[in-house]
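Colleague: The structure is given below, and queries will be raised subsequently.
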Amino acid sequence: MDIATIVGVIFGFVVIFGTIIIGGSGMMFLHIPSLIITMGGMLCATMIHFSLPQFLGIFKIIKKTIVAKIPSQSELIQKMVSYAAINRRDGALALEQEISKLSDLFVVKGLQMLVDGQEPDNIRQLMDLEIQYLQDRHSTGKKILEFMGAAAPAFGMIGTLIGLVQMLKNLDSPDQLGAGMAIALLTTFYGAFTANLIFIPLAGKLGIYSKAESTSMEMITEGICAIANGENPTAVREKLQAFISQGRREEVKANI
Amino acid sequence: MDIATIVGVIFGFVVIFGTIIIGGSGMMFLHIPSLIITMGGMLCATMIHFSLPQFLGIFKIIKKTIVAKIPSQSELIQKMVSYAAINRRDGALALEQEISKLSDLFVVKGLQMLVDGQEPDNIRQLMDLEIQYLQDRHSTGKKILEFMGAAAPAFGMIGTLIGLVQMLKNLDSPDQLGAGMAIALLTTFYGAFTANLIFIPLAGKLGIYSKAESTSMEMITEGICAIANGENPTAVREKLQAFISQGRREEVKANI
Amino acid sequence: MDIATIVGVIFGFVVIFGTIIIGGSGMMFLHIPSLIITMGGMLCATMIHFSLPQFLGIFKIIKKTIVAKIPSQSELIQKMVSYAAINRRDGALALEQEISKLSDLFVVKGLQMLVDGQEPDNIRQLMDLEIQYLQDRHSTGKKILEFMGAAAPAFGMIGTLIGLVQMLKNLDSPDQLGAGMAIALLTTFYGAFTANLIFIPLAGKLGIYSKAESTSMEMITEGICAIANGENPTAVREKLQAFISQGRREEVKANI
Amino acid sequence: MDIATIVGVIFGFVVIFGTIIIGGSGMMFLHIPSLIITMGGMLCATMIHFSLPQFLGIFKIIKKTIVAKIPSQSELIQKMVSYAAINRRDGALALEQEISKLSDLFVVKGLQMLVDGQEPDNIRQLMDLEIQYLQDRHSTGKKILEFMGAAAPAFGMIGTLIGLVQMLKNLDSPDQLGAGMAIALLTTFYGAFTANLIFIPLAGKLGIYSKAESTSMEMITEGICAIANGENPTAVREKLQAFISQGRREEVKANI
Amino acid sequence: MDIATIVGVIFGFVVIFGTIIIGGSGMMFLHIPSLIITMGGMLCATMIHFSLPQFLGIFKIIKKTIVAKIPSQSELIQKMVSYAAINRRDGALALEQEISKLSDLFVVKGLQMLVDGQEPDNIRQLMDLEIQYLQDRHSTGKKILEFMGAAAPAFGMIGTLIGLVQMLKNLDSPDQLGAGMAIALLTTFYGAFTANLIFIPLAGKLGIYSKAESTSMEMITEGICAIANGENPTAVREKLQAFISQGRREEVKANI
């Protein structure tokens, strides 16, 4: 669970809408037709741009950027080292018991291939392919969020143009000029707000998350292949430590 | 037929023009001279930028992004596997009967070369060349749509500038200021609307479609060449499965 | 002669100025000082950016994008095949008569080297160098046109700022506000119009033209070198057909 | 300590706020709610974009761009040459005394490995890894500052939109129009000011600083490895001089 | 001396300020506080972005883009050919007399190494390093000018925001609205004018100049190394002609 994403979104809403409400005019920032033009137009453009399955996967992607949990690198190393020890002591079949305890499907798949006695090269090839599919999915998700971050202000501006034209044509009552203009500007506000607080930062977070998850999966692949090659726990630990920086290395060493 | 494109375009028009009509002023958003400046200027710039055959191919490209059908990858694998079986059982000539049943010209061309007994290397070279020509055509189409998506708002702004200059010069009757300004803004609206709902998303869809069609054609090439090499159906299936993700692989296996 | 460029420019002017004149105010869009600021400023910036010979070559470049004629690829292949036939039948010296009939200096240079009995490797090296110099020249031309397309709106905005400051300072007569503002906006109009209808599309056309001319020159180089190697007409034809797409290949074959 | 950064920031504030105060209205540019919207919104977006540890490291990064000290390249060469002399005269163990005098942890780590008698290849590998981790950290820091430089004006615009909507709705008292508009523009001012004077230039400085520190660390690595290979001081000096330009080389030679 | 740069700058000032003065209001475009905000802010941001020595080198860079003289390529070839002749006739030492006649330090350095009897490989390595340092310096200079071209309009906008806020707060006297607004717009004018006429085009010129000077230095390096290898004048001439286009090659040949 990524606390920074949740805190950022909540605080962002508090900061923006808190200021609005303190300004004594909370309700006038809620205008359903303006919301429909901005968000509806943006969603339609996204649907045209991407394929249907990609479009329907948006919410899954957004959810992932919020609830996703990257396993700690030190825990990962310790786990791999302990599997290496079991493998050396009791043989690969003894790892089958460990599989049932796991929730990470990627580790399960790797261990299963190990238990099944597949060749290390074969295991690496299949696990690398999985990593690549994950990166493709994340990269598509990032592109969708970035497109939404570009389309939302565009449709906000389109909404404002519509509002301005309508207001200017009905200029009979100059005292309503202000109110018409205020409503026209709301779509631009909706577009700018959602793009800059939600879509663009979430696209960035997805990129950072994708990099971290890929590194974890590469560490797992490296570890499982080393175990499949029958390397001893110390060798496995040294191989995986190359993935983490010098400073954090000491603490990992201490725990093993 | 890509349902997302059609739904997106229809819903996009409904959302934008629905809001306009509910605002009680549908007709004032139709102004023929403004439409001519924005769309005419954009089309002229596109004609100057690209060559005549490229320009005349625009509608064909737009049509393709809407009606194009990407064959299912599982069907493709099954079809290739069954050709491999026929080839092993009855020889390459037996495949000639299959050709007449096909509508996909790329598969027809590949099978024909197979039946003609051409070398696998030669088949691969010619089919790769076809894939490259398709990608070139799609990439040019994408550039045209992107240019239209950039030119439409530019000519929208040019139209607004013309409208503003005319309005400001004829400032005798201040009560017509609003109407003049409203008309001036219409070109910006037309440019922003067509660019963001039509041209830019369609350029994106063409890119996604191009990638999917290329992958299909690569699978067909890989399959035909494997058959030409006399590989057995199981080997053909395994080669083609490398193109699709782990999750969907099971279902393909089950069907064969 | 590229008909699309000419039609695009003419129609573009008709669309924009037709609308202006129908609006009943053609002459007020002609304001010499505004034209001088926008175009003069843009030309001065271009002169500072590029070297003097590059700057003076602008009109030659623009002319080339309009009148340039790309030789038909099928004609090129037929010509090369006929040279190969002459070379096989009567020897290289017989090609000397063909040279006098030609206007394309690049083919002349290639044939001359062939007649002079130079080594194929040497011919290829010199012709490749010529292709590279052409691409450099075109690429510089494209950069100049793109810079003009960016500078014109910038100086249009500078002109508008000058007009606004002058208008605001002389605010004694509020009834002249509109006229002053209208003139101030003219420079922005000039900049946006020339950039989007002339400079940016012409830069694009130069890129497309450059690619087509390079391909033609590569075909000529390939053909001359094949002839120099004493290959027969059929082999020359096959080599050059790799440059053109499958669909158009049949028609070329039929003509030979 | 980078004097240019400090002078630039101080002079930048003096120039901007000096002009404001001379304009006789210093206090009206301080509006706490506007500051909260612009800076708060920007910080929340940054928190959503990056991970929590990255976000919390911002101040450390900013501090580094101001107080960081790049060691002089000539001093570095002299130091390495003197270590080479000690190593040749008294053996590697004699370098242990030098370690205690040093504050640069990177040199300490290198010398310690030298004293411990590690293989030159091993030393180089570990030091290169440290250089890469530093570059990763700096590159992330640069991305954070650049994102802040893009988000600050965006939230400034969002704040202005909020202010405009509130002002337009409360248009009862036209005499307050000016004051409301002035406050609405303050957020845009805050966003533009912090982005262009602080975040964007600091991101640039971090890039320049990162390049300089990497070069220093590469020189140290090269020097320590040469010493570990038992090369004489003259050879060490010549190797390191390849890193600095010809002009400054003479002065370094003179000092040794 | 690059005539295009000087002519461009002078004509650019004449065009812009000529129009202003003819508009009868030259002095109102000179407003010292506005100039200080725009140029001062831009310089401070540049100082923060770059290191102090880089910042202090700006004027040297700007001067170079104006007064720099690229040696003619034909003269260069002739000079190298004559050195090759002297070297063959009288030996390398006879070249020492030529060195005293030269002002180009790069040629002097190359000839000196030749006279000193250094290995061609060594000469090439040192001269290539010098070329690389020159390109680094020019590339940094280009980045500084481009940053100034981006920062000037940004601080122009910041100045305008300050002016607008001050004007709107002091809205007691509506008749001063125009004058206040005019002054507020001056900073935007200063920023746009300096960026588009000075900084951005000069950055472009520096790039073109850098490429030309690099080519000259590569020709010198190639020539000196060929002479050091004892090649005859004809061979030297042929090697260097590969750097210049076919058309200009004849004239060079004629002169030798």
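We name chains A, B, ... following the order of the structure tokens; residues begin at 1 in each chain, and ligands are numbered from 1 as shown.
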Select, as an MDAnalysis selection string, those residues of chain D with any atom no more than 8 Å from chain E (distances computed using only C-alpha atoms).

Modeller: chainID D and resid 2:9 11:12 15:16 19:20 23 25 178:179 181:183 185:186 188:189 192:193 196:198 200:205 208 245:246

Colleague: Could you work out how far CA of Thr140 in chain D lies from CA of Gln54 in chain A, giving the answer in Å with one decimal?

Modeller: 29.1 Å

Colleague: Could you give me, as a VMD selection string, the residues within 8 Å of Gly207 in chain C, counting only C-alpha atoms and dropping anything in the same chain fewer than 5 positions from it?

Modeller: chain C and resid 138 to 139 142

Colleague: To one decimal place in Å, what is the distance between CA of Ile123 in chain E and CA of Asp90 in chain E?

Modeller: 20.9 Å

Colleague: Report as JSON, numbers by chain all protein, DNA and RNA residues lying within 12 Å of Met127 in chain A, evaluated on only C-alpha atoms, omitting residues in the same chain fewer than 2 positions from it.

Modeller: {"A": [105, 106, 107, 108, 109, 110, 111, 112, 113, 114, 120, 121, 122, 123, 124, 125, 129, 130, 131, 132, 133, 134, 214, 217, 218, 219, 220, 221, 222, 223, 224, 225], "B": [245, 246]}

Colleague: Write a file of the just-selected residues containing N, CA and C atoms, as an mmCIF file, in the first residue's frame.

Modeller:
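Saved the output as result_13.cif:
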```cif
data_model
loop_
_atom_site.group_PDB
_atom_site.id
_atom_site.type_symbol
_atom_site.label_atom_id
_atom_site.label_comp_id
_atom_site.auth_asym_id
_atom_site.auth_seq_id
_atom_site.Cartn_x
_atom_site.Cartn_y
_atom_site.Cartn_z
ATOM 1 N N LEU A 105 2.393 -14.825 -6.952
ATOM 2 C CA LEU A 105 2.262 -15.836 -8.013
ATOM 3 C C LEU A 105 3.547 -16.002 -8.819
ATOM 4 N N PHE A 106 4.333 -14.932 -8.921
ATOM 5 C CA PHE A 106 5.562 -15.004 -9.721
ATOM 6 C C PHE A 106 6.572 -15.937 -9.051
ATOM 7 N N VAL A 107 6.719 -15.843 -7.715
ATOM 8 C CA VAL A 107 7.628 -16.730 -6.987
ATOM 9 C C VAL A 107 7.103 -18.158 -7.069
ATOM 10 N N VAL A 108 5.779 -18.335 -6.911
ATOM 11 C CA VAL A 108 5.171 -19.666 -6.985
ATOM 12 C C VAL A 108 5.524 -20.333 -8.316
ATOM 13 N N LYS A 109 5.332 -19.564 -9.426
ATOM 14 C CA LYS A 109 5.612 -20.125 -10.748
ATOM 15 C C LYS A 109 7.078 -20.542 -10.858
ATOM 16 N N GLY A 110 7.962 -19.684 -10.352
ATOM 17 C CA GLY A 110 9.389 -19.988 -10.431
ATOM 18 C C GLY A 110 9.739 -21.239 -9.632
ATOM 19 N N LEU A 111 9.247 -21.284 -8.390
ATOM 20 C CA LEU A 111 9.561 -22.443 -7.531
ATOM 21 C C LEU A 111 8.986 -23.717 -8.140
ATOM 22 N N GLN A 112 7.783 -23.622 -8.699
ATOM 23 C CA GLN A 112 7.139 -24.802 -9.276
ATOM 24 C C GLN A 112 8.008 -25.380 -10.395
ATOM 25 N N MET A 113 8.528 -24.466 -11.256
ATOM 26 C CA MET A 113 9.397 -24.939 -12.336
ATOM 27 C C MET A 113 10.658 -25.573 -11.761
ATOM 28 N N LEU A 114 11.143 -25.024 -10.664
ATOM 29 C CA LEU A 114 12.335 -25.560 -9.992
ATOM 30 C C LEU A 114 12.058 -26.973 -9.491
ATOM 31 N N PRO A 120 17.593 -24.521 -15.862
ATOM 32 C CA PRO A 120 17.700 -23.105 -15.476
ATOM 33 C C PRO A 120 17.487 -22.154 -16.651
ATOM 34 N N ASP A 121 18.042 -22.467 -17.817
ATOM 35 C CA ASP A 121 17.879 -21.585 -18.977
ATOM 36 C C ASP A 121 16.418 -21.433 -19.354
ATOM 37 N N ASN A 122 15.698 -22.561 -19.273
ATOM 38 C CA ASN A 122 14.279 -22.556 -19.597
ATOM 39 C C ASN A 122 13.504 -21.708 -18.590
ATOM 40 N N ILE A 123 13.827 -21.884 -17.297
ATOM 41 C CA ILE A 123 13.171 -21.106 -16.238
ATOM 42 C C ILE A 123 13.400 -19.612 -16.476
ATOM 43 N N ARG A 124 14.666 -19.238 -16.735
ATOM 44 C CA ARG A 124 14.986 -17.824 -16.938
ATOM 45 C C ARG A 124 14.218 -17.241 -18.121
ATOM 46 N N GLN A 125 14.151 -18.023 -19.214
ATOM 47 C CA GLN A 125 13.481 -17.530 -20.409
ATOM 48 C C GLN A 125 12.009 -17.229 -20.141
ATOM 49 N N LEU A 129 10.162 -13.508 -19.885
ATOM 50 C CA LEU A 129 9.010 -13.194 -20.711
ATOM 51 C C LEU A 129 7.898 -12.579 -19.863
ATOM 52 N N GLU A 130 7.671 -13.159 -18.672
ATOM 53 C CA GLU A 130 6.646 -12.606 -17.771
ATOM 54 C C GLU A 130 6.979 -11.169 -17.381
ATOM 55 N N ILE A 131 8.285 -10.918 -17.092
ATOM 56 C CA ILE A 131 8.692 -9.553 -16.722
ATOM 57 C C ILE A 131 8.400 -8.592 -17.864
ATOM 58 N N GLN A 132 8.680 -9.055 -19.082
ATOM 59 C CA GLN A 132 8.454 -8.183 -20.235
ATOM 60 C C GLN A 132 6.967 -7.892 -20.437
ATOM 61 N N TYR A 133 6.115 -8.914 -20.231
ATOM 62 C CA TYR A 133 4.669 -8.675 -20.359
ATOM 63 C C TYR A 133 4.203 -7.662 -19.318
ATOM 64 N N LEU A 134 4.713 -7.786 -18.084
ATOM 65 C CA LEU A 134 4.348 -6.827 -17.045
ATOM 66 C C LEU A 134 4.754 -5.413 -17.447
ATOM 67 N N SER A 214 9.733 -4.490 -11.504
ATOM 68 C CA SER A 214 10.618 -5.187 -12.431
ATOM 69 C C SER A 214 11.898 -5.618 -11.734
ATOM 70 N N MET A 217 11.250 -8.599 -9.582
ATOM 71 C CA MET A 217 11.074 -9.811 -10.376
ATOM 72 C C MET A 217 12.410 -10.287 -10.948
ATOM 73 N N GLU A 218 13.281 -9.334 -11.305
ATOM 74 C CA GLU A 218 14.608 -9.735 -11.782
ATOM 75 C C GLU A 218 15.407 -10.402 -10.667
ATOM 76 N N MET A 219 15.248 -9.877 -9.433
ATOM 77 C CA MET A 219 15.952 -10.488 -8.305
ATOM 78 C C MET A 219 15.441 -11.914 -8.078
ATOM 79 N N ILE A 220 14.115 -12.096 -8.157
ATOM 80 C CA ILE A 220 13.533 -13.431 -7.966
ATOM 81 C C ILE A 220 14.051 -14.374 -9.049
ATOM 82 N N THR A 221 14.037 -13.892 -10.313
ATOM 83 C CA THR A 221 14.520 -14.724 -11.421
ATOM 84 C C THR A 221 15.970 -15.134 -11.184
ATOM 85 N N GLU A 222 16.798 -14.143 -10.827
ATOM 86 C CA GLU A 222 18.217 -14.411 -10.576
ATOM 87 C C GLU A 222 18.372 -15.447 -9.454
ATOM 88 N N GLY A 223 17.555 -15.274 -8.402
ATOM 89 C CA GLY A 223 17.665 -16.175 -7.256
ATOM 90 C C GLY A 223 17.249 -17.599 -7.607
ATOM 91 N N ILE A 224 16.075 -17.726 -8.248
ATOM 92 C CA ILE A 224 15.565 -19.069 -8.578
ATOM 93 C C ILE A 224 16.554 -19.790 -9.506
ATOM 94 N N CYS A 225 17.112 -19.057 -10.477
ATOM 95 C CA CYS A 225 18.045 -19.692 -11.416
ATOM 96 C C CYS A 225 19.308 -20.127 -10.692
ATOM 97 N N SER B 245 0.648 -13.838 -24.110
ATOM 98 C CA SER B 245 1.003 -13.856 -22.693
ATOM 99 C C SER B 245 0.597 -15.173 -22.034
ATOM 100 N N GLN B 246 1.250 -15.484 -20.930
ATOM 101 C CA GLN B 246 1.076 -16.722 -20.180
ATOM 102 C C GLN B 246 -0.399 -17.018 -19.894
#
```

Colleague: Using DSSP assignments from the backbone, pull out every residue in range 59-242 of chain B that falls under alpha helix (DSSP H) and give it to me as number ranges by chain.

Modeller: B: 59-67, 73-90, 96-99, 105-115, 120-169, 177-193, 200-228, 233-241

Colleague: Expressed in Å to a single decimal, how great is the separation between CA of Ala68 in chain E and CA of Ser103 in chain E?

Modeller: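 So the answer is 13.6 Å.
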